[in-house]
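Structure first, commentary second.
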Amino acid sequence: MKIGIFLPNATFDLPGAPEVGGIETFAFTVGEAWQKMGYEVVLFGGRPKPGRTHRATTLTLELHPYWETNSIPDLGTRFQRLVQRVHFASSIRSAWRRHRCDMVLLAKPFDWPVAWWWKRRRPELRAIMGFHGTDFFAGDRRFYRAIDAAFAVSPRTADLAEERVGVRPVVISNPVDTETFSPGKETVRDADAPWHLVASGRFIGWKGFLNLIEAAGILRDRGVAFRLSLAGEGPEAERLQARTRELALENHVTFCGRLRPLELRDLLRTGDLYVVPSVGFDACPIAALEAASTGLPLLLSDQVGLNDFLAPQEVSSYASRSVEALTDALIALHARRADPAWIDAAARHARLAGLLAPERVARAILALLPS
């Protein structure tokens with residue numbers, strides 16, 4: 001079987017860039033797992049603009065021109081993204097016909113009209129939809145009949161998809177390279193060392209990093225000995241750094257920049273707690289799963305879909321948008337920093353490895369298709 005992945009923005013830039021996040025990481029990871037299983041996999045992605053580059057991969061890449069969303073008339077971001085995807089489908093039409101894939105993996109409702117058009121010409125093509133969020137648009141349901149099977153990356157995402165299309169997709173978690181993101185050699189930690197908080201991701205408003213900076217200021221004022229490492233980049237970086245200076249937190253907060261996987265893994269291994277402070281819906285952040293697989297306990301806002309299916313021994317949560325709630329949660333977990341059951345990295349990795357392994361996720365997706 002030949003599998004196509006239709007995801008223009010997967011190859012716009014490296015992970016962590018404004019338009020390259022968890023869905024794009026998902027596509028590469030699952031595609032490479034399928035490849036190891038013996039399938040031929042082609043990723044149809046956008047040709048990077050000058051100065052940009054996509055992540056390294058063993059997948060066959062079909063890179064073609066795309067329109068930047070800001071070059072499309074601003075009738076709303078969903079209109080821009082719909083036009084972007086339809087235009088990209090037009091730009092790859094020769095390559096699509098040449099590869100003649102048996103199955104295609106889609107990641108956005110904007111892709112449903114494209115799949116509908118493809119299946120008019122080739123009814124035997126099978127289309128699988130992965131629901132990663134809520135990018136619905138007016139009229140999208142009329143094209144959903146082109147989808148043969150679907151999954152969602154968290155129970156809450158599945159609820160939202162069911163509300164939209166009337167059918168509940170199967171829940172299949174985002175994958176993580178659990179061999180790379182592992183606890184490593186056990187080390188004895190200095191009990192007097194500052195409590196090490198880690199957060200990572202794209203520095204964009206709805207990710208809530210500004211709230212985390214504010215909470216860090218309160219922790220400092222309450223006498224908690226801690227340090228915070230923030231890994232990533234994005235349009236909010238200057239604002240976050242400025243607020244750090246305003247609160248005189250330079251000795252507590254370190255901006256690590258965008259890290260490569262092994263660099264991020266090594267940072268996570270030094271952490272005591274991983275924080276996801278999202279104030280907008282965050283379906284299933286891969287970075288948080290990588291942290292958990294490395295052995296870190298998680299503190300997640302209630303906007304993060306992982307709260308729905310990770311066990312209480314992995315996760316604590318708080319009300320999003322409330323700096324006070326975030327601060328209170330941090331203080332409560334600081335009191336648990338020596339609790340063996342909460343900080344047992346090896347046990348946490350063992351519990352999650354079976355759930356998150358790329359091969360397991362890749363097989364679960366293919367199992368959605370009728371035999």
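Labeling convention for the structure tokens: chains A, B, ... as they appear, residues from 1 per chain, ligands from 1 in order of appearance.
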
Quick one: residues within 9 Å of Leu306 (chain A), only C-alpha atoms counted, chain neighbours fewer than 6 positions away excluded, as a PDB file with C-alpha atoms, in the first residue's frame?
ATOM      1  CA  VAL A 153      -5.980  12.839  19.415  1.00  0.00           C
ATOM      2  CA  SER A 154      -7.895  13.281  22.684  1.00  0.00           C
ATOM      3  CA  PRO A 155     -11.381  12.547  24.060  1.00  0.00           C
ATOM      4  CA  ARG A 156     -12.270  16.240  24.172  1.00  0.00           C
ATOM      5  CA  ASP A 282      -4.612  22.612  23.105  1.00  0.00           C
ATOM      6  CA  ALA A 283      -5.786  19.216  21.885  1.00  0.00           C
ATOM      7  CA  CYS A 284      -2.804  16.942  22.545  1.00  0.00           C
ATOM      8  CA  PRO A 285       0.546  18.779  22.753  1.00  0.00           C
ATOM      9  CA  ALA A 288       4.002  17.570  26.920  1.00  0.00           C
ATOM     10  CA  LEU A 289       3.915  13.890  25.976  1.00  0.00           C
ATOM     11  CA  LEU A 300      -1.591  21.332  32.578  1.00  0.00           C
ATOM     12  CA  VAL A 315      -0.968  14.978  35.605  1.00  0.00           C
TER      13      VAL A 315
END

Among region 159-232 of chain A, which residues carry a DSSP assignment of strand (DSSP E or B), reported as a list in words?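 Assigned to strand (DSSP E or B), within region 159-232 of chain A: Val170, Val171, Trp195, His196, Leu197, Val198, Ala199, Ser200, Phe226, Arg227, Leu228, Ser229, Leu230 and Ala231 of chain A.
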
Could you name the residues that touch region 161-178 of chain A at 8 Å or less, counting only C-alpha atoms, but leaving out those on the same chain fewer than 3 positions away, as a PDB file with N, CA and C atoms, in the first residue's frame?
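What landed in result_32.pdb:
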ATOM      1  N   PHE A  26       3.519  15.169  14.163  1.00  0.00           N
ATOM      2  CA  PHE A  26       2.726  13.943  14.049  1.00  0.00           C
ATOM      3  C   PHE A  26       2.901  13.310  12.668  1.00  0.00           C
ATOM      4  N   THR A  29       6.372  11.727  12.224  1.00  0.00           N
ATOM      5  CA  THR A  29       6.596  10.581  13.107  1.00  0.00           C
ATOM      6  C   THR A  29       5.794   9.366  12.664  1.00  0.00           C
ATOM      7  N   VAL A  30       4.511   9.563  12.369  1.00  0.00           N
ATOM      8  CA  VAL A  30       3.679   8.441  11.932  1.00  0.00           C
ATOM      9  C   VAL A  30       4.111   7.958  10.549  1.00  0.00           C
ATOM     10  N   PHE A 131      -8.354  14.292  13.579  1.00  0.00           N
ATOM     11  CA  PHE A 131      -8.821  15.521  14.229  1.00  0.00           C
ATOM     12  C   PHE A 131      -7.808  15.927  15.300  1.00  0.00           C
ATOM     13  N   THR A 134      -9.908  22.267  16.150  1.00  0.00           N
ATOM     14  CA  THR A 134     -11.267  22.735  15.823  1.00  0.00           C
ATOM     15  C   THR A 134     -11.290  23.690  14.633  1.00  0.00           C
ATOM     16  N   ARG A 141     -19.199  20.366   6.465  1.00  0.00           N
ATOM     17  CA  ARG A 141     -19.814  19.053   6.639  1.00  0.00           C
ATOM     18  C   ARG A 141     -20.250  18.410   5.328  1.00  0.00           C
ATOM     19  N   TYR A 144     -17.550  16.129   4.218  1.00  0.00           N
ATOM     20  CA  TYR A 144     -17.041  15.096   5.125  1.00  0.00           C
ATOM     21  C   TYR A 144     -17.350  13.689   4.613  1.00  0.00           C
ATOM     22  N   ALA A 149     -12.580   7.068   7.312  1.00  0.00           N
ATOM     23  CA  ALA A 149     -12.364   6.746   8.718  1.00  0.00           C
ATOM     24  C   ALA A 149     -11.733   7.959   9.380  1.00  0.00           C
ATOM     25  N   ALA A 150     -11.885   8.046  10.709  1.00  0.00           N
ATOM     26  CA  ALA A 150     -11.375   9.217  11.419  1.00  0.00           C
ATOM     27  C   ALA A 150     -10.934   8.847  12.819  1.00  0.00           C
ATOM     28  N   PHE A 151     -10.005   9.625  13.337  1.00  0.00           N
ATOM     29  CA  PHE A 151      -9.575   9.501  14.726  1.00  0.00           C
ATOM     30  C   PHE A 151      -9.361  10.899  15.284  1.00  0.00           C
ATOM     31  N   ALA A 152      -9.332  10.997  16.594  1.00  0.00           N
ATOM     32  CA  ALA A 152      -9.052  12.259  17.290  1.00  0.00           C
ATOM     33  C   ALA A 152      -7.955  12.010  18.305  1.00  0.00           C
ATOM     34  N   VAL A 153      -7.155  13.042  18.573  1.00  0.00           N
ATOM     35  CA  VAL A 153      -5.980  12.839  19.415  1.00  0.00           C
ATOM     36  C   VAL A 153      -6.282  12.953  20.909  1.00  0.00           C
ATOM     37  N   SER A 154      -7.515  13.265  21.274  1.00  0.00           N
ATOM     38  CA  SER A 154      -7.895  13.281  22.684  1.00  0.00           C
ATOM     39  C   SER A 154      -9.409  13.126  22.774  1.00  0.00           C
ATOM     40  N   PRO A 155      -9.930  12.685  23.919  1.00  0.00           N
ATOM     41  CA  PRO A 155     -11.381  12.547  24.060  1.00  0.00           C
ATOM     42  C   PRO A 155     -12.126  13.854  23.858  1.00  0.00           C
ATOM     43  N   THR A 157     -11.239  16.353  21.973  1.00  0.00           N
ATOM     44  CA  THR A 157     -11.240  16.619  20.532  1.00  0.00           C
ATOM     45  C   THR A 157     -12.267  15.747  19.832  1.00  0.00           C
ATOM     46  N   ALA A 158     -12.404  14.502  20.274  1.00  0.00           N
ATOM     47  CA  ALA A 158     -13.414  13.612  19.702  1.00  0.00           C
ATOM     48  C   ALA A 158     -14.815  14.144  19.965  1.00  0.00           C
ATOM     49  N   PHE A 181      12.986   9.975  23.983  1.00  0.00           N
ATOM     50  CA  PHE A 181      12.481  10.703  25.147  1.00  0.00           C
ATOM     51  C   PHE A 181      12.273   9.723  26.300  1.00  0.00           C
ATOM     52  N   SER A 182      13.389   9.426  26.945  1.00  0.00           N
ATOM     53  CA  SER A 182      13.417   8.491  28.072  1.00  0.00           C
ATOM     54  C   SER A 182      14.163   9.160  29.215  1.00  0.00           C
ATOM     55  N   CYS A 284      -3.673  18.039  22.081  1.00  0.00           N
ATOM     56  CA  CYS A 284      -2.804  16.942  22.545  1.00  0.00           C
ATOM     57  C   CYS A 284      -1.357  17.327  22.277  1.00  0.00           C
ATOM     58  N   PRO A 285      -0.796  18.271  23.050  1.00  0.00           N
ATOM     59  CA  PRO A 285       0.546  18.779  22.753  1.00  0.00           C
ATOM     60  C   PRO A 285       1.617  17.696  22.849  1.00  0.00           C
ATOM     61  N   ILE A 286       2.301  17.481  21.741  1.00  0.00           N
ATOM     62  CA  ILE A 286       3.332  16.451  21.707  1.00  0.00           C
ATOM     63  C   ILE A 286       4.460  16.783  22.673  1.00  0.00           C
ATOM     64  N   LEU A 289       3.757  15.341  25.972  1.00  0.00           N
ATOM     65  CA  LEU A 289       3.915  13.890  25.976  1.00  0.00           C
ATOM     66  C   LEU A 289       5.390  13.503  25.975  1.00  0.00           C
ATOM     67  N   GLU A 290       6.211  14.274  25.250  1.00  0.00           N
ATOM     68  CA  GLU A 290       7.652  14.018  25.273  1.00  0.00           C
ATOM     69  C   GLU A 290       8.206  14.206  26.683  1.00  0.00           C
ATOM     70  N   SER A 293       7.118  11.264  28.798  1.00  0.00           N
ATOM     71  CA  SER A 293       7.879  10.078  28.440  1.00  0.00           C
ATOM     72  C   SER A 293       9.301  10.142  28.993  1.00  0.00           C
ATOM     73  N   THR A 294       9.834  11.363  29.114  1.00  0.00           N
ATOM     74  CA  THR A 294      11.152  11.545  29.708  1.00  0.00           C
ATOM     75  C   THR A 294      11.106  11.327  31.216  1.00  0.00           C
ATOM     76  N   HIS A 349       7.731   6.625  32.612  1.00  0.00           N
ATOM     77  CA  HIS A 349       8.096   6.253  31.237  1.00  0.00           C
ATOM     78  C   HIS A 349       7.529   4.880  30.881  1.00  0.00           C
ATOM     79  N   ALA A 353       5.024   4.348  27.679  1.00  0.00           N
ATOM     80  CA  ALA A 353       5.693   3.901  26.450  1.00  0.00           C
ATOM     81  C   ALA A 353       4.753   3.148  25.523  1.00  0.00           C
ATOM     82  N   LEU A 355       1.509   3.372  25.257  1.00  0.00           N
ATOM     83  CA  LEU A 355       0.472   4.255  24.727  1.00  0.00           C
ATOM     84  C   LEU A 355       0.989   5.148  23.616  1.00  0.00           C
ATOM     85  N   LEU A 356       2.238   5.623  23.726  1.00  0.00           N
ATOM     86  CA  LEU A 356       2.740   6.685  22.869  1.00  0.00           C
ATOM     87  C   LEU A 356       3.648   6.217  21.740  1.00  0.00           C
ATOM     88  N   ALA A 357       4.073   4.964  21.743  1.00  0.00           N
ATOM     89  CA  ALA A 357       5.047   4.495  20.753  1.00  0.00           C
ATOM     90  C   ALA A 357       4.542   4.726  19.326  1.00  0.00           C
ATOM     91  N   PRO A 358       5.365   5.296  18.436  1.00  0.00           N
ATOM     92  CA  PRO A 358       4.921   5.602  17.066  1.00  0.00           C
ATOM     93  C   PRO A 358       4.364   4.399  16.321  1.00  0.00           C
ATOM     94  N   VAL A 361       0.796   3.771  17.378  1.00  0.00           N
ATOM     95  CA  VAL A 361      -0.108   4.775  16.813  1.00  0.00           C
ATOM     96  C   VAL A 361      -0.312   4.522  15.320  1.00  0.00           C
ATOM     97  N   ALA A 364      -2.609   1.585  14.763  1.00  0.00           N
ATOM     98  CA  ALA A 364      -3.993   1.898  15.161  1.00  0.00           C
ATOM     99  C   ALA A 364      -4.709   2.694  14.087  1.00  0.00           C
ATOM    100  N   ILE A 365      -3.988   3.585  13.423  1.00  0.00           N
ATOM    101  CA  ILE A 365      -4.605   4.383  12.355  1.00  0.00           C
ATOM    102  C   ILE A 365      -4.976   3.500  11.171  1.00  0.00           C
TER     103      ILE A 365
END

Nearest to Ala199 (chain A), chosen from A:Asp339, A:Glu246, A:Asp140, A:Asp272, with only C-alpha atoms counted in the distances: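 Under the stated criterion, the closest residue is A:Asp272.
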
Option closest in space to Gly280 (chain A), from A:Thr57, A:Asn307, A:Thr254, A:Ser320 [counting only C-alpha atoms]: A:Ser320

For a quick check of understanding, using only C-alpha atoms, which of A:Glu214, A:Asp111, A:Asp135, A:Glu32 has the smallest distance to Thr77 (chain A)?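 Closest residue, counting only C-alpha atoms: A:Asp135.
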
Write out as a tab-separated table (two decimals) with C-alpha atoms, in the first residue's frame all residues of region 26-232 of chain A that DSSP puts in alpha helix (DSSP H) for this structure's backbone.
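Heads up, here's the output in selection09.tsv:
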chain	number	residue	atom	x	y	z
A	26	PHE	CA	2.73	13.94	14.05
A	27	ALA	CA	2.86	13.59	10.26
A	28	PHE	CA	6.60	12.97	10.14
A	29	THR	CA	6.60	10.58	13.11
A	30	VAL	CA	3.68	8.44	11.93
A	31	GLY	CA	4.88	8.50	8.32
A	32	GLU	CA	8.31	7.27	9.31
A	33	ALA	CA	6.71	4.53	11.46
A	34	TRP	CA	4.68	3.38	8.44
A	35	GLN	CA	7.84	3.39	6.39
A	36	LYS	CA	9.56	1.11	8.92
A	77	THR	CA	-7.94	33.03	9.14
A	78	ARG	CA	-10.10	30.03	8.27
A	79	PHE	CA	-10.86	31.47	4.86
A	80	GLN	CA	-7.15	32.07	4.32
A	81	ARG	CA	-6.22	28.53	5.35
A	82	LEU	CA	-8.95	27.00	3.19
A	83	VAL	CA	-7.71	28.93	0.16
A	84	GLN	CA	-4.13	27.98	1.01
A	85	ARG	CA	-4.95	24.24	1.09
A	86	VAL	CA	-7.07	24.27	-2.08
A	87	HIS	CA	-4.36	26.20	-3.93
A	88	PHE	CA	-1.72	23.74	-2.72
A	89	ALA	CA	-3.81	20.79	-3.93
A	90	SER	CA	-3.86	22.44	-7.34
A	91	SER	CA	-0.08	22.92	-7.31
A	93	ARG	CA	-1.97	17.76	-9.04
A	94	SER	CA	0.65	16.28	-11.41
A	95	ALA	CA	2.65	14.75	-8.55
A	96	TRP	CA	-0.54	13.44	-6.94
A	97	ARG	CA	-1.58	11.69	-10.14
A	98	ARG	CA	1.92	10.29	-10.64
A	99	HIS	CA	2.18	8.73	-7.18
A	112	TRP	CA	-12.06	17.72	3.02
A	113	PRO	CA	-12.95	19.55	-0.23
A	114	VAL	CA	-9.63	18.37	-1.66
A	115	ALA	CA	-10.36	14.75	-0.71
A	116	TRP	CA	-13.88	15.08	-2.09
A	117	TRP	CA	-12.44	16.20	-5.46
A	118	TRP	CA	-9.82	13.45	-5.51
A	119	LYS	CA	-12.43	10.77	-4.81
A	120	ARG	CA	-14.67	11.98	-7.61
A	121	ARG	CA	-11.88	10.91	-9.94
A	155	PRO	CA	-11.38	12.55	24.06
A	156	ARG	CA	-12.27	16.24	24.17
A	157	THR	CA	-11.24	16.62	20.53
A	158	ALA	CA	-13.41	13.61	19.70
A	159	ASP	CA	-16.36	15.30	21.47
A	160	LEU	CA	-15.91	18.44	19.37
A	161	ALA	CA	-15.61	16.43	16.16
A	162	GLU	CA	-18.78	14.48	16.97
A	163	GLU	CA	-20.67	17.72	17.58
A	164	ARG	CA	-19.57	18.94	14.16
A	165	VAL	CA	-19.96	15.88	11.91
A	209	PHE	CA	3.47	31.53	28.52
A	210	LEU	CA	2.88	35.08	29.72
A	211	ASN	CA	0.74	33.68	32.57
A	212	LEU	CA	3.60	31.37	33.49
A	213	ILE	CA	5.99	34.34	33.70
A	214	GLU	CA	3.50	36.15	35.93
A	215	ALA	CA	3.18	33.08	38.17
A	216	ALA	CA	6.96	32.84	38.36
A	217	GLY	CA	7.05	36.36	39.76
A	218	ILE	CA	4.60	35.38	42.51
A	219	LEU	CA	6.58	32.22	43.31
A	220	ARG	CA	9.70	34.34	43.75
A	221	ASP	CA	7.86	36.78	46.00

Which of A:Glu236, A:Arg265, A:Pro73, A:Leu369 sits closest to Leu105 (chain A) [using only C-alpha atoms]: A:Leu369

Residue neighbourhood Tyr274 (chain A), 6 Å, only C-alpha atoms, exclusion window fewer than 5 positions, as a ChimeraX atom specification: /A:197-199,298

If you measure from CA of Glu233 (chain A) to CA of Tyr66 (chain A), what distance in Å do you get, rounded to one decimal?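 Going from CA of Glu233 (chain A) over to CA of Tyr66 (chain A), I get 23.2 Å.
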
Near-Ile204 (chain A) list (9 Å; only C-alpha atoms; drop same-chain fewer than 2 positions) as a list of chain:residue names: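 My list of contacting residues is A:Pro18, A:Gly201, A:Arg202, A:Trp206, A:Lys207, A:Gly208, A:Phe209, A:Glu233, A:Gly234, A:Pro235, A:Glu236, A:Ala237.
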
Give me the residues within 6 Å of Leu230 (chain A) as a PyMOL selection string, counting only C-alpha atoms and dropping any in the same chain fewer than 3 places off. chain A and resi 199-200+255-256

How would the residues just picked look written out with N, CA and C atoms as a PDB file, in the first residue's frame?
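Wrote it out as out.pdb, contents follow:
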ATOM      1  N   ALA A 199       9.145  24.435  30.415  1.00  0.00           N
ATOM      2  CA  ALA A 199       8.034  24.589  29.482  1.00  0.00           C
ATOM      3  C   ALA A 199       8.629  24.794  28.096  1.00  0.00           C
ATOM      4  N   SER A 200       7.893  24.381  27.072  1.00  0.00           N
ATOM      5  CA  SER A 200       8.404  24.540  25.704  1.00  0.00           C
ATOM      6  C   SER A 200       7.247  24.664  24.737  1.00  0.00           C
ATOM      7  N   PHE A 255      15.658  31.682  28.802  1.00  0.00           N
ATOM      8  CA  PHE A 255      15.097  31.445  27.474  1.00  0.00           C
ATOM      9  C   PHE A 255      16.119  30.633  26.680  1.00  0.00           C
ATOM     10  N   CYS A 256      15.744  29.411  26.335  1.00  0.00           N
ATOM     11  CA  CYS A 256      16.688  28.466  25.741  1.00  0.00           C
ATOM     12  C   CYS A 256      16.686  28.490  24.214  1.00  0.00           C
TER      13      CYS A 256
END

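If only C-alpha atoms are the atoms counted, then among A:Gly22, A:Gly45, A:Gly38, A:Gly205 the closest residue to Pro8 (chain A) is A:Gly45.
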
Hey, can you check how far CA of Ala56 (chain A) sits from CA of Thr180 (chain A)?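 Separating CA of Ala56 (chain A) from CA of Thr180 (chain A) is a distance of 15.8 Å.
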
Using only C-alpha atoms, the best pick from A:Ala107, A:Gly271, A:Ile5, A:Val304 as closest to Tyr318 (chain A) would be A:Val304

Give me the residues within 7 Å of Val41 (chain A) as a list in words, counting only C-alpha atoms and dropping any in the same chain fewer than 2 places off.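 Once the nearby chain positions are removed, what remains is Lys2, Ile3, Gly4, Gly31, Gln35, Tyr39, Leu43, Leu59 and Thr60 of chain A.
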
Could you please take those selected residues and save N, CA and C atoms as a tab-separated table (two decimals), in the first residue's frame?
chain	number	residue	atom	x	y	z
A	2	LYS	N	0.46	2.21	-0.78
A	2	LYS	CA	1.17	3.48	-0.86
A	2	LYS	C	0.34	4.53	-0.13
A	3	ILE	N	0.97	5.20	0.82
A	3	ILE	CA	0.27	6.15	1.68
A	3	ILE	C	0.74	7.57	1.38
A	4	GLY	N	-0.22	8.45	1.19
A	4	GLY	CA	0.09	9.87	1.03
A	4	GLY	C	-0.28	10.64	2.29
A	31	GLY	N	4.43	8.90	9.65
A	31	GLY	CA	4.88	8.50	8.32
A	31	GLY	C	6.13	7.66	8.37
A	35	GLN	N	6.73	3.76	7.27
A	35	GLN	CA	7.84	3.39	6.39
A	35	GLN	C	8.61	2.20	6.97
A	39	TYR	N	5.65	0.17	4.34
A	39	TYR	CA	4.80	0.90	3.41
A	39	TYR	C	5.59	2.01	2.72
A	43	LEU	N	5.06	12.38	1.54
A	43	LEU	CA	4.54	13.56	2.21
A	43	LEU	C	4.48	14.70	1.21
A	59	LEU	N	11.27	10.10	4.69
A	59	LEU	CA	10.08	10.03	3.83
A	59	LEU	C	10.38	10.57	2.44
A	60	THR	N	9.64	10.07	1.45
A	60	THR	CA	9.66	10.68	0.13
A	60	THR	C	8.90	12.00	0.22
